[in-house]
Structure formats: C-alpha cells, structure tokens
>>> print(open('entry-v9.csv').read())   # CSV, C-alpha atoms
chain,number,residue,atom,x,y,z
A,1,MET,CA,-0.3,205.9,61.4
A,2,PRO,CA,-1.8,202.4,61.1
A,3,ARG,CA,0.1,199.7,62.8
A,4,PRO,CA,2.2,197.4,60.7
A,5,SER,CA,0.4,194.2,59.7
A,6,SER,CA,1.0,191.2,57.5
A,7,ALA,CA,-2.6,191.2,56.3
A,8,PRO,CA,-3.2,192.1,52.7
A,9,PRO,CA,-4.4,195.6,51.8
A,10,ALA,CA,-8.1,196.3,52.4
A,11,SER,CA,-10.4,195.5,49.4
A,12,PHE,CA,-13.1,197.4,47.7
A,13,ARG,CA,-15.7,195.4,49.5
A,14,HIS,CA,-14.1,196.2,52.9
A,15,GLY,CA,-14.2,199.9,52.0
A,16,ALA,CA,-17.9,199.6,51.2
A,17,ARG,CA,-18.5,198.0,54.6
A,18,THR,CA,-16.5,200.7,56.3
A,19,SER,CA,-18.6,203.5,54.9
A,20,LEU,CA,-21.9,201.5,55.2
A,21,PRO,CA,-23.2,203.7,58.1
A,22,ILE,CA,-22.5,206.8,56.0
A,23,THR,CA,-24.2,205.3,53.0
A,24,LEU,CA,-27.3,204.5,55.0
A,25,GLY,CA,-27.4,208.0,56.5
A,26,TYR,CA,-26.8,209.8,53.2
A,27,PHE,CA,-29.9,208.3,51.5
A,28,PRO,CA,-32.5,209.9,53.7
A,29,VAL,CA,-30.6,213.2,53.9
A,30,GLY,CA,-30.4,213.1,50.1
A,31,ILE,CA,-34.2,212.6,50.1
A,32,SER,CA,-34.4,215.7,52.2
A,33,PHE,CA,-32.4,217.7,49.7
A,34,GLY,CA,-34.5,216.4,46.8
A,35,ILE,CA,-37.6,217.5,48.6
A,36,ALA,CA,-36.1,221.0,49.2
A,37,ALA,CA,-35.1,221.2,45.6
A,38,SER,CA,-38.6,220.2,44.5
A,39,ARG,CA,-40.0,222.9,46.7
A,40,ALA,CA,-37.7,225.4,45.1
A,41,GLY,CA,-39.0,224.5,41.6
A,42,LEU,CA,-36.2,222.3,40.4
A,43,SER,CA,-37.0,219.3,38.2
A,44,VAL,CA,-35.9,215.8,39.1
A,45,PHE,CA,-33.1,216.0,36.6
A,46,GLU,CA,-31.9,219.4,37.8
A,47,ALA,CA,-32.0,218.3,41.5
A,48,THR,CA,-30.1,215.1,40.8
A,49,PHE,CA,-27.6,216.9,38.6
A,50,VAL,CA,-26.8,219.3,41.5
A,51,SER,CA,-26.1,216.4,43.8
A,52,MET,CA,-24.0,214.6,41.2
A,53,ALA,CA,-21.9,217.8,40.4
A,54,ILE,CA,-21.5,219.4,43.8
A,55,TYR,CA,-21.9,216.4,46.1
A,56,ALA,CA,-21.7,218.4,49.4
A,57,GLY,CA,-24.8,218.5,51.5
A,58,ALA,CA,-24.5,221.9,53.3
A,59,SER,CA,-23.1,223.6,50.1
A,60,GLN,CA,-26.0,222.3,48.1
A,61,PHE,CA,-28.6,223.7,50.5
A,62,LEU,CA,-26.6,227.0,50.4
A,63,ALA,CA,-26.6,227.0,46.6
A,64,LEU,CA,-30.3,226.3,46.5
A,65,THR,CA,-31.0,229.1,48.9
A,66,LEU,CA,-28.9,231.6,47.0
A,67,LEU,CA,-30.1,230.7,43.5
A,68,THR,CA,-33.8,230.7,44.5
A,69,GLY,CA,-33.3,233.9,46.4
A,70,GLY,CA,-32.2,235.7,43.3
A,71,ALA,CA,-28.4,235.8,44.0
A,72,PRO,CA,-26.2,236.1,40.9
A,73,VAL,CA,-24.8,232.8,39.6
A,74,ILE,CA,-21.2,234.0,40.1
A,75,VAL,CA,-21.9,234.9,43.8
A,76,SER,CA,-23.5,231.5,44.3
A,77,ALA,CA,-20.6,229.7,42.7
A,78,LEU,CA,-18.0,231.5,44.7
A,79,SER,CA,-19.9,230.9,48.0
A,80,VAL,CA,-20.1,227.2,47.3
A,81,LEU,CA,-16.5,227.1,46.3
A,82,ALA,CA,-15.4,228.8,49.5
A,83,MET,CA,-17.5,226.5,51.6
A,84,ASN,CA,-16.0,223.4,49.9
A,85,LEU,CA,-12.4,224.5,50.3
A,86,ARG,CA,-12.1,222.1,53.2
A,87,HIS,CA,-12.3,219.2,50.8
A,88,VAL,CA,-8.9,220.1,49.4
A,89,LEU,CA,-7.4,218.9,52.7
A,90,TYR,CA,-9.1,215.5,52.9
A,91,GLY,CA,-6.9,213.7,50.4
A,92,PRO,CA,-3.6,214.8,52.0
A,93,ALA,CA,-4.9,214.0,55.5
A,94,ILE,CA,-5.8,210.5,54.4
A,95,MET,CA,-2.4,210.0,52.8
A,96,GLU,CA,-0.6,211.2,55.9
A,97,LYS,CA,-2.6,208.7,58.0
A,98,ALA,CA,-1.9,205.9,55.5
A,99,GLY,CA,1.9,206.4,56.0
A,100,PRO,CA,4.9,206.6,53.6
A,101,GLY,CA,4.8,204.4,50.6
A,102,ALA,CA,1.0,204.3,50.2
A,103,PRO,CA,-0.1,204.1,46.6
A,104,ILE,CA,-1.3,207.3,45.0
A,105,ARG,CA,-1.7,206.3,41.4
A,106,TYR,CA,-5.5,206.9,41.4
A,107,SER,CA,-5.7,209.4,44.2
A,108,TRP,CA,-7.0,212.0,41.8
A,109,ALA,CA,-10.1,209.7,41.3
A,110,TRP,CA,-11.0,208.5,44.7
A,111,ALA,CA,-10.2,211.9,46.3
A,112,GLY,CA,-13.1,213.3,44.3
A,113,TRP,CA,-15.5,211.1,46.1
A,114,LEU,CA,-14.4,212.1,49.6
A,115,SER,CA,-17.4,213.8,51.2
A,116,ASP,CA,-17.3,214.8,54.9
A,117,GLY,CA,-18.8,211.4,55.9
A,118,GLY,CA,-16.5,209.4,53.5
A,119,PHE,CA,-13.4,211.2,54.9
A,120,GLY,CA,-14.5,210.5,58.5
A,121,ALA,CA,-15.1,206.8,57.7
A,122,ALA,CA,-11.7,206.5,56.1
A,123,TYR,CA,-9.9,208.4,58.8
A,124,VAL,CA,-11.5,206.3,61.6
A,125,GLY,CA,-10.9,203.1,59.6
A,126,LEU,CA,-7.2,203.8,59.3
A,127,GLN,CA,-6.9,204.2,63.1
A,128,ARG,CA,-8.1,200.7,63.8
A,129,PRO,CA,-5.5,198.0,64.7
A,130,GLY,CA,-4.2,196.2,61.6
A,131,ALA,CA,-5.6,198.7,59.2
A,132,ARG,CA,-4.1,198.4,55.7
A,133,PHE,CA,-4.6,201.3,53.2
A,134,SER,CA,-5.3,200.6,49.5
A,135,GLU,CA,-6.8,202.6,46.7
A,136,ARG,CA,-9.5,199.9,46.1
A,137,TRP,CA,-10.5,200.4,49.7
A,138,MET,CA,-10.8,204.2,49.1
A,139,PHE,CA,-13.0,203.6,46.0
A,140,GLY,CA,-15.2,201.3,48.1
A,141,ILE,CA,-15.5,204.0,50.8
A,142,GLY,CA,-16.5,206.7,48.3
A,143,MET,CA,-18.8,204.9,45.9
A,144,GLY,CA,-21.6,203.9,48.4
A,145,PRO,CA,-22.2,207.3,50.0
A,146,TYR,CA,-22.1,209.0,46.5
A,147,LEU,CA,-24.6,206.7,45.0
A,148,ALA,CA,-26.8,206.9,48.1
A,149,TRP,CA,-26.8,210.7,48.1
A,150,CYS,CA,-27.6,211.0,44.4
A,151,SER,CA,-30.3,208.3,44.4
A,152,GLY,CA,-31.8,209.8,47.6
A,153,THR,CA,-32.0,213.2,45.9
A,154,ALA,CA,-33.8,211.7,42.9
A,155,VAL,CA,-36.3,209.9,45.2
A,156,GLY,CA,-36.9,213.1,47.1
A,157,ALA,CA,-37.4,215.2,44.0
A,158,LEU,CA,-39.8,212.5,42.6
A,159,VAL,CA,-41.8,212.3,45.8
A,160,GLY,CA,-42.1,216.1,46.1
A,161,THR,CA,-43.4,217.9,49.1
A,162,GLY,CA,-46.8,216.1,49.6
A,163,PRO,CA,-46.0,213.1,51.7
A,164,ILE,CA,-43.4,214.7,54.0
A,165,GLU,CA,-45.7,217.6,54.9
A,166,ALA,CA,-48.1,215.1,56.6
A,167,TRP,CA,-45.3,213.9,58.8
A,168,PRO,CA,-43.4,216.9,60.4
A,169,ALA,CA,-41.6,214.6,62.8
A,170,VAL,CA,-40.0,212.7,59.9
A,171,ASP,CA,-38.9,216.0,58.3
A,172,ALA,CA,-37.3,217.0,61.6
A,173,ALA,CA,-35.6,213.6,61.9
A,174,LEU,CA,-34.0,213.8,58.5
A,175,GLY,CA,-32.1,216.9,59.6
A,176,PHE,CA,-30.6,215.1,62.6
A,177,LEU,CA,-29.2,212.1,60.8
A,178,MET,CA,-25.9,213.7,59.7
A,179,PRO,CA,-25.1,215.3,63.1
A,180,ALA,CA,-25.8,211.9,64.7
A,181,LEU,CA,-23.4,210.2,62.3
A,182,PHE,CA,-20.6,212.7,62.9
A,183,LEU,CA,-21.1,212.4,66.7
A,184,ALA,CA,-20.7,208.6,66.4
A,185,MET,CA,-17.5,209.0,64.4
A,186,LEU,CA,-16.2,211.5,66.9
A,187,LEU,CA,-16.8,209.1,69.8
A,188,SER,CA,-14.9,206.3,68.0
A,189,VAL,CA,-11.7,208.3,67.9
A,190,LEU,CA,-12.0,210.4,71.0
A,191,SER,CA,-8.8,210.7,73.1
A,192,ARG,CA,-7.5,212.8,75.9
A,193,VAL,CA,-5.5,215.0,73.6
A,194,HIS,CA,-8.8,216.0,71.8
A,195,LEU,CA,-10.7,217.0,74.9
A,196,PRO,CA,-9.4,220.6,75.2
A,197,ALA,CA,-10.2,221.4,71.6
A,198,ILE,CA,-13.7,219.9,71.8
A,199,ALA,CA,-14.4,221.7,75.1
A,200,ALA,CA,-13.2,225.1,73.7
A,201,GLY,CA,-15.3,224.7,70.6
A,202,LEU,CA,-18.4,223.8,72.5
A,203,LEU,CA,-18.0,226.7,75.1
A,204,VAL,CA,-17.2,229.4,72.5
A,205,SER,CA,-20.0,228.1,70.2
A,206,LEU,CA,-22.5,228.2,73.0
A,207,ALA,CA,-21.4,231.7,74.1
A,208,GLY,CA,-21.5,233.1,70.6
A,209,THR,CA,-24.9,231.6,69.9
A,210,LEU,CA,-26.5,233.0,73.0
A,211,THR,CA,-24.9,236.5,72.7
A,212,VAL,CA,-24.9,237.1,68.9
A,213,SER,CA,-26.4,234.4,66.6
A,214,ALA,CA,-26.2,230.7,65.8
A,215,THR,CA,-24.1,231.3,62.7
A,216,PHE,CA,-21.6,233.5,64.6
A,217,GLY,CA,-21.4,230.9,67.4
A,218,ILE,CA,-20.8,228.0,65.1
A,219,VAL,CA,-18.0,229.8,63.2
A,220,MET,CA,-16.3,231.1,66.3
A,221,GLY,CA,-16.6,227.6,67.9
A,222,MET,CA,-14.8,226.1,64.9
A,223,VAL,CA,-12.1,228.7,65.1
A,224,ALA,CA,-11.6,228.3,68.8
A,225,GLY,CA,-11.4,224.5,68.6
A,226,ALA,CA,-8.9,224.7,65.7
A,227,LEU,CA,-6.7,227.1,67.6
A,228,VAL,CA,-6.7,225.1,70.7
A,229,GLY,CA,-6.0,221.9,68.7
A,230,VAL,CA,-3.0,223.5,66.9
A,231,ALA,CA,-1.7,224.8,70.3
A,232,GLY,CA,-1.8,221.3,71.7
A,233,TRP,CA,-0.4,219.6,68.6
A,234,GLY,CA,1.8,216.7,69.5
A,235,GLN,CA,0.8,216.6,73.2
A,236,GLY,CA,-0.7,213.4,74.6
A,237,ARG,CA,-0.9,210.0,73.0
A,238,ASP,CA,-3.4,208.8,70.4
A,239,THR,CA,-3.4,205.5,72.2
A,240,ASP,CA,-5.2,207.0,75.2
A,241,ARG,CA,-8.6,206.4,73.8
A,242,PHE,CA,-11.8,206.4,75.7
A,243,ASP,CA,-14.2,203.5,75.7
A,244,LEU,CA,-17.9,204.1,75.8
A,245,ASP,CA,-18.1,202.9,79.4
A,246,GLY,CA,-15.7,205.7,80.5
A,247,GLY,CA,-12.5,203.6,80.7
A,248,VAL,CA,-9.2,204.5,79.1
A,249,HIS,CA,-6.8,202.1,77.3
>>> encode(input="entry-v9.csv", output="structure tokens")
Amino acid sequence: MPRPSSAPPASFRHGARTSLPITLGYFPVGISFGIAASRAGLSVFEATFVSMAIYAGASQFLALTLLTGGAPVIVSALSVLAMNLRHVLYGPAIMEKAGPGAPIRYSWAWAGWLSDGGFGAAYVGLQRPGARFSERWMFGIGMGPYLAWCSGTAVGALVGTGPIEAWPAVDAALGFLMPALFLAMLLSVLSRVHLPAIAAGLLVSLAGTLTVSATFGIVMGMVAGALVGVAGWGQGRDTDRFDLDGGVH
C-alpha cells in the first residue's frame, strides 16, 4: 500500500509520464503487428480495428495466426478470450494497491485501458514513496500506450512488408522490446520475497523447454512461479528491495 502523503493526488499528466516508457515501447511493437497483419492480407483499416478492439499484443498475434490458418471464428474468439482472462484481475489488483477509500467512480473506463504494460507501470508507480492514486492518473497511464499501439499498427500496415525485409536485425529487435520493458519493471520492484518464485519459474521453464517444448516450458514455469509465490505469501517484507548495485535497503 502506498505510504501516506500530504501531496495532492497524481494528475493525468503524471500518469502519462509514468507510462511513457511503455508508450515508447508499444509504438514499434505495434508496427510489428501491423506488418504481420499486412502480410496476412489485412487492410490498414482491418489491422487497426483489431488493435483498437482487442488491444492485447500476444492475443492479437494469436488471433491473426488462427484466422489466417483457417480456424473457425468461434474458436479464434474463445482462444483470445481465454488468453485475455488475466486482464480481469488487473483492476482489482490496482485498487488493492491503492488502498481503502480510493475512488472507483470511473474504474469501469480506465480499467478497459489496462494492458500488461499499463498495469505494470501503475503497479510499480503505486509502490514509490509518496504515491497518490487518482482516476485521472489511471487515465493518463492508459491513454498513451493505447494510442501508441493503435497508431503503430496503422503505420506498420501502411508500410507493409517491403522495408522491414531489407533489415532483418530490425525485425528481430522489434520482438525483443516488450520482454525488455517487462524485465525493467521487474527489476524496479524486485525484493527478497519474490526471489523463490522467480527462481522456480526460471528453472521449471528451462527444464520444460529443453525436455518437451518452449510452449510447455513457458506454461509450466508460470504455474511453478505462481504456486511458489502463493506458498510464500505474506513472508518477507516488501521494503527489502534490491538496488541495481546489489545492495538492499
């Protein structure tokens, strides 16, 4: 829970600044999706509409693969819905972190803009000393990444496949941007209580990938990390955070 502070609640502009790294990262990844959609035969309008309606990077790539591969629409819709169920938990997690008495009048609106990156930015922001929750702040966090994702998709669909094929290194780099962003957010909130869950997830994921497949390893690593995290719930102190130089405070 954020520490009490006499400062006024965070503003829309503050929220936009908080999610600025996510906004900058979403634009090129949106371009990557737009290019993939163009390769699959979608028009600029169709590709942009998918980003505006679904707004979930991994799910959009999944939907694109299923639909272009001939899967029934109902199967594609159910697959995307199942993959996006995690979003249902984002709003309640933010409100728990904001503490009792936090305003919820427009939570139905700003919660719809909570992508993985937006949620991470809000969660990290609420852990900073003196953080003050406000719904304007949440709107600021959500709007930038959403607009960047949709506009990036439009640009990628407009550009098409030609320019990117001449620069394979750029194509590979676009796929690394989102993992790099999430790694940076993880480091900013890393504490001793999180280490067992992270270690379990990494070890099980590596073992599953080497023995079965990458998909199996990722899923089992997520399950293992979640189970270890639940088993250790309430142990340790969130204040025992690690600095990048290895110190603890």
>>> atom_distance(input="entry-v9.csv", atom1="CA of Leu158 in chain A", atom2="CA of Ser59 in chain A")
21.4 Å
>>> residues_around(input="entry-v9.csv", residues="Val228 in chain A", least_positions_apart="2", cutoff="9 Å", atoms="all atoms listed in the file", output="number ranges by chain")
A: 196-198, 200-201, 223-226, 230-233
>>> closest_atom_pairs(input="entry-v9.csv", of="range 100-149 of chain A", to="range 81-86 of chain A", cutoff="12 Å", atoms="only C-alpha atoms", output="CSV")
residue,atom,partner,partner_atom,distance
A:Gly112,CA,A:Asn84,CA,11.9
A:Leu114,CA,A:Arg86,CA,10.9
A:Ser115,CA,A:Asn84,CA,9.8
A:Asp116,CA,A:Arg86,CA,9.1
A:Phe119,CA,A:Arg86,CA,11.1
>>> closest_residue(input="entry-v9.csv", among="A:Val80, A:Gly15, A:Ala53, A:Gly117", to="Leu183 in chain A", atoms="all atoms listed in the file")
A:Gly117
>>> residues_near_point(input="entry-v9.csv", point="(-21.0, 230.3, 66.6)", cutoff="8 Å", atoms="all atoms listed in the file", output="tab-separated table (two decimals) with C-alpha atoms, in the frame of the given file")
chain	number	residue	atom	x	y	z
A	204	VAL	CA	-17.20	229.40	72.50
A	205	SER	CA	-20.00	228.10	70.20
A	206	LEU	CA	-22.50	228.20	73.00
A	207	ALA	CA	-21.40	231.70	74.10
A	208	GLY	CA	-21.50	233.10	70.60
A	209	THR	CA	-24.90	231.60	69.90
A	213	SER	CA	-26.40	234.40	66.60
A	214	ALA	CA	-26.20	230.70	65.80
A	215	THR	CA	-24.10	231.30	62.70
A	216	PHE	CA	-21.60	233.50	64.60
A	217	GLY	CA	-21.40	230.90	67.40
A	218	ILE	CA	-20.80	228.00	65.10
A	219	VAL	CA	-18.00	229.80	63.20
A	220	MET	CA	-16.30	231.10	66.30
A	221	GLY	CA	-16.60	227.60	67.90
A	222	MET	CA	-14.80	226.10	64.90
>>> residues_near_point(input="entry-v9.csv", point="(-1.5, 212.2, 55.0)", cutoff="12 Å", atoms="only C-alpha atoms", output="MDAnalysis selection string")
chainID A and resid 1:2 89:104 107 119 122:123 126 133
>>> closest_residue(input="entry-v9.csv", among="A:Tyr55, A:Phe45, A:Phe12, A:Phe61", to="Pro145 in chain A", atoms="all atoms listed in the file")
A:Tyr55
>>> closest_residue(input="entry-v9.csv", among="A:Arg136, A:Arg13, A:Arg39, A:Arg128", to="Tyr106 in chain A", atoms="all atoms listed in the file")
A:Arg136
>>> closest_residue(input="entry-v9.csv", among="A:Thr48, A:Gln127, A:Ser79, A:Thr65", to="Gly30 in chain A", atoms="all atoms listed in the file")
A:Thr48
>>> atom_distance(input="entry-v9.csv", atom1="CA of Gly34 in chain A", atom2="CA of Met52 in chain A")
12.0 Å
>>> atom_distance(input="entry-v9.csv", atom1="CA of Ala121 in chain A", atom2="CA of Pro21 in chain A")
8.7 Å
>>> closest_residue(input="entry-v9.csv", among="A:Ile22, A:Ala37, A:Ala63, A:Leu203", to="Gly118 in chain A", atoms="all atoms listed in the file")
A:Ile22
>>> residues_around(input="entry-v9.csv", residues="Trp137 in chain A", least_positions_apart="2", cutoff="7 Å", atoms="only C-alpha atoms", output="VMD selection string")
chain A and resid 10 to 12 14 to 15 133 to 135 139 to 141
>>> write_last_selection(input="entry-v9.csv", atoms="C-alpha atoms", output="PDB file, in the frame of the given file")
ATOM      1  CA  ALA A  10      -8.100 196.300  52.400  1.00  0.00           C
ATOM      2  CA  SER A  11     -10.400 195.500  49.400  1.00  0.00           C
ATOM      3  CA  PHE A  12     -13.100 197.400  47.700  1.00  0.00           C
ATOM      4  CA  HIS A  14     -14.100 196.200  52.900  1.00  0.00           C
ATOM      5  CA  GLY A  15     -14.200 199.900  52.000  1.00  0.00           C
ATOM      6  CA  PHE A 133      -4.600 201.300  53.200  1.00  0.00           C
ATOM      7  CA  SER A 134      -5.300 200.600  49.500  1.00  0.00           C
ATOM      8  CA  GLU A 135      -6.800 202.600  46.700  1.00  0.00           C
ATOM      9  CA  PHE A 139     -13.000 203.600  46.000  1.00  0.00           C
ATOM     10  CA  GLY A 140     -15.200 201.300  48.100  1.00  0.00           C
ATOM     11  CA  ILE A 141     -15.500 204.000  50.800  1.00  0.00           C
TER      12      ILE A 141
END
>>> closest_residue(input="entry-v9.csv", among="A:Ala199, A:Ala16, A:Ala47, A:Ile54", to="Ser151 in chain A", atoms="all atoms listed in the file")
A:Ala47
>>> residues_around(input="entry-v9.csv", residues="Leu147 in chain A", least_positions_apart="3", cutoff="9 Å", atoms="all atoms listed in the file", output="tab-separated table (two decimals) with C-alpha atoms, keeping the file's coordinate frame")
chain	number	residue	atom	x	y	z
A	23	THR	CA	-24.20	205.30	53.00
A	27	PHE	CA	-29.90	208.30	51.50
A	52	MET	CA	-24.00	214.60	41.20
A	142	GLY	CA	-16.50	206.70	48.30
A	143	MET	CA	-18.80	204.90	45.90
A	144	GLY	CA	-21.60	203.90	48.40
A	150	CYS	CA	-27.60	211.00	44.40
A	151	SER	CA	-30.30	208.30	44.40
A	152	GLY	CA	-31.80	209.80	47.60
>>> decode(input="entry-v9.csv", residues="range 45-144 of chain A", atoms="C-alpha atoms", output="PDB file, in the first residue's frame")
ATOM      1  CA  PHE A  45      -8.425  -0.402 -41.541  1.00  0.00           C
ATOM      2  CA  GLU A  46      -8.819  -4.072 -40.560  1.00  0.00           C
ATOM      3  CA  ALA A  47      -5.428  -4.251 -38.837  1.00  0.00           C
ATOM      4  CA  THR A  48      -6.029  -1.011 -36.938  1.00  0.00           C
ATOM      5  CA  PHE A  49      -9.528  -2.130 -35.921  1.00  0.00           C
ATOM      6  CA  VAL A  50      -8.099  -5.366 -34.466  1.00  0.00           C
ATOM      7  CA  SER A  51      -5.695  -3.332 -32.320  1.00  0.00           C
ATOM      8  CA  MET A  52      -8.415  -0.933 -31.228  1.00  0.00           C
ATOM      9  CA  ALA A  53     -10.883  -3.702 -30.328  1.00  0.00           C
ATOM     10  CA  ILE A  54      -8.636  -6.396 -28.810  1.00  0.00           C
ATOM     11  CA  TYR A  55      -5.667  -4.304 -27.599  1.00  0.00           C
ATOM     12  CA  ALA A  56      -3.556  -7.210 -26.364  1.00  0.00           C
ATOM     13  CA  GLY A  57      -0.337  -7.885 -28.230  1.00  0.00           C
ATOM     14  CA  ALA A  58       0.093 -11.634 -27.765  1.00  0.00           C
ATOM     15  CA  SER A  59      -3.628 -12.277 -28.218  1.00  0.00           C
ATOM     16  CA  GLN A  60      -3.681 -10.276 -31.425  1.00  0.00           C
ATOM     17  CA  PHE A  61      -0.835 -12.299 -32.908  1.00  0.00           C
ATOM     18  CA  LEU A  62      -2.667 -15.468 -31.821  1.00  0.00           C
ATOM     19  CA  ALA A  63      -5.925 -14.303 -33.406  1.00  0.00           C
ATOM     20  CA  LEU A  64      -4.069 -13.427 -36.597  1.00  0.00           C
ATOM     21  CA  THR A  65      -2.495 -16.885 -36.754  1.00  0.00           C
ATOM     22  CA  LEU A  66      -5.782 -18.670 -36.096  1.00  0.00           C
ATOM     23  CA  LEU A  67      -7.882 -16.671 -38.547  1.00  0.00           C
ATOM     24  CA  THR A  68      -5.362 -16.808 -41.382  1.00  0.00           C
ATOM     25  CA  GLY A  69      -4.829 -20.508 -40.704  1.00  0.00           C
ATOM     26  CA  GLY A  70      -8.488 -21.265 -41.347  1.00  0.00           C
ATOM     27  CA  ALA A  71      -9.659 -21.755 -37.751  1.00  0.00           C
ATOM     28  CA  PRO A  72     -13.384 -21.105 -37.149  1.00  0.00           C
ATOM     29  CA  VAL A  73     -14.214 -17.627 -35.872  1.00  0.00           C
ATOM     30  CA  ILE A  74     -15.775 -19.023 -32.684  1.00  0.00           C
ATOM     31  CA  VAL A  75     -12.602 -20.988 -31.906  1.00  0.00           C
ATOM     32  CA  SER A  76     -10.468 -17.916 -32.503  1.00  0.00           C
ATOM     33  CA  ALA A  77     -12.722 -15.769 -30.316  1.00  0.00           C
ATOM     34  CA  LEU A  78     -12.729 -18.264 -27.445  1.00  0.00           C
ATOM     35  CA  SER A  79      -8.943 -18.688 -27.643  1.00  0.00           C
ATOM     36  CA  VAL A  80      -8.384 -14.927 -27.454  1.00  0.00           C
ATOM     37  CA  LEU A  81     -10.894 -14.637 -24.610  1.00  0.00           C
ATOM     38  CA  ALA A  82      -9.155 -17.358 -22.608  1.00  0.00           C
ATOM     39  CA  MET A  83      -5.758 -15.745 -23.168  1.00  0.00           C
ATOM     40  CA  ASN A  84      -7.071 -12.359 -22.022  1.00  0.00           C
ATOM     41  CA  LEU A  85      -8.756 -13.547 -18.809  1.00  0.00           C
ATOM     42  CA  ARG A  86      -5.768 -12.259 -16.842  1.00  0.00           C
ATOM     43  CA  HIS A  87      -6.947  -8.708 -17.601  1.00  0.00           C
ATOM     44  CA  VAL A  88      -9.927  -9.256 -15.304  1.00  0.00           C
ATOM     45  CA  LEU A  89      -7.527  -9.266 -12.352  1.00  0.00           C
ATOM     46  CA  TYR A  90      -5.683  -6.052 -13.232  1.00  0.00           C
ATOM     47  CA  GLY A  91      -8.281  -3.591 -11.950  1.00  0.00           C
ATOM     48  CA  PRO A  92      -8.814  -5.312  -8.571  1.00  0.00           C
ATOM     49  CA  ALA A  93      -5.035  -5.623  -8.079  1.00  0.00           C
ATOM     50  CA  ILE A  94      -4.575  -1.889  -8.706  1.00  0.00           C
ATOM     51  CA  MET A  95      -7.409  -0.994  -6.317  1.00  0.00           C
ATOM     52  CA  GLU A  96      -5.933  -3.224  -3.609  1.00  0.00           C
ATOM     53  CA  LYS A  97      -2.597  -1.456  -4.028  1.00  0.00           C
ATOM     54  CA  ALA A  98      -4.298   1.966  -3.977  1.00  0.00           C
ATOM     55  CA  GLY A  99      -5.747   1.199  -0.550  1.00  0.00           C
ATOM     56  CA  PRO A 100      -9.179   1.659   1.064  1.00  0.00           C
ATOM     57  CA  GLY A 101     -11.110   4.763   0.129  1.00  0.00           C
ATOM     58  CA  ALA A 102      -9.618   5.042  -3.371  1.00  0.00           C
ATOM     59  CA  PRO A 103     -12.141   6.461  -5.877  1.00  0.00           C
ATOM     60  CA  ILE A 104     -13.792   3.939  -8.187  1.00  0.00           C
ATOM     61  CA  ARG A 105     -16.397   6.065  -9.966  1.00  0.00           C
ATOM     62  CA  TYR A 106     -14.742   5.689 -13.381  1.00  0.00           C
ATOM     63  CA  SER A 107     -12.926   2.416 -12.806  1.00  0.00           C
ATOM     64  CA  TRP A 108     -15.076   0.776 -15.499  1.00  0.00           C
ATOM     65  CA  ALA A 109     -13.498   3.172 -18.019  1.00  0.00           C
ATOM     66  CA  TRP A 110      -9.802   3.295 -17.090  1.00  0.00           C
ATOM     67  CA  ALA A 111      -9.692  -0.448 -16.355  1.00  0.00           C
ATOM     68  CA  GLY A 112     -10.519  -1.096 -20.007  1.00  0.00           C
ATOM     69  CA  TRP A 113      -7.241   0.544 -20.985  1.00  0.00           C
ATOM     70  CA  LEU A 114      -5.098  -1.589 -18.700  1.00  0.00           C
ATOM     71  CA  SER A 115      -2.775  -3.595 -20.904  1.00  0.00           C
ATOM     72  CA  ASP A 116       0.040  -5.698 -19.484  1.00  0.00           C
ATOM     73  CA  GLY A 117       2.439  -2.771 -19.720  1.00  0.00           C
ATOM     74  CA  GLY A 118      -0.059  -0.229 -18.358  1.00  0.00           C
ATOM     75  CA  PHE A 119      -0.810  -2.450 -15.393  1.00  0.00           C
ATOM     76  CA  GLY A 120       2.894  -2.907 -14.712  1.00  0.00           C
ATOM     77  CA  ALA A 121       3.526   0.836 -14.878  1.00  0.00           C
ATOM     78  CA  ALA A 122       0.625   1.566 -12.493  1.00  0.00           C
ATOM     79  CA  TYR A 123       1.615  -1.165 -10.048  1.00  0.00           C
ATOM     80  CA  VAL A 124       5.236  -0.015  -9.967  1.00  0.00           C
ATOM     81  CA  GLY A 125       4.159   3.625  -9.664  1.00  0.00           C
ATOM     82  CA  LEU A 126       1.995   2.890  -6.631  1.00  0.00           C
ATOM     83  CA  GLN A 127       4.957   1.331  -4.823  1.00  0.00           C
ATOM     84  CA  ARG A 128       7.033   4.503  -4.982  1.00  0.00           C
ATOM     85  CA  PRO A 129       7.311   6.641  -1.832  1.00  0.00           C
ATOM     86  CA  GLY A 130       4.579   9.256  -1.609  1.00  0.00           C
ATOM     87  CA  ALA A 131       2.499   7.732  -4.422  1.00  0.00           C
ATOM     88  CA  ARG A 132      -1.073   9.059  -4.530  1.00  0.00           C
ATOM     89  CA  PHE A 133      -3.693   7.202  -6.552  1.00  0.00           C
ATOM     90  CA  SER A 134      -6.259   9.039  -8.649  1.00  0.00           C
ATOM     91  CA  GLU A 135      -8.503   8.069 -11.537  1.00  0.00           C
ATOM     92  CA  ARG A 136      -7.071  10.884 -13.654  1.00  0.00           C
ATOM     93  CA  TRP A 137      -3.648   9.310 -13.123  1.00  0.00           C
ATOM     94  CA  MET A 138      -5.010   5.950 -14.318  1.00  0.00           C
ATOM     95  CA  PHE A 139      -6.462   7.557 -17.451  1.00  0.00           C
ATOM     96  CA  GLY A 140      -3.074   9.134 -18.113  1.00  0.00           C
ATOM     97  CA  ILE A 141      -1.358   5.777 -17.738  1.00  0.00           C
ATOM     98  CA  GLY A 142      -3.752   4.032 -20.104  1.00  0.00           C
ATOM     99  CA  MET A 143      -4.181   6.537 -22.912  1.00  0.00           C
ATOM    100  CA  GLY A 144      -0.569   6.834 -24.080  1.00  0.00           C
TER     101      GLY A 144
END
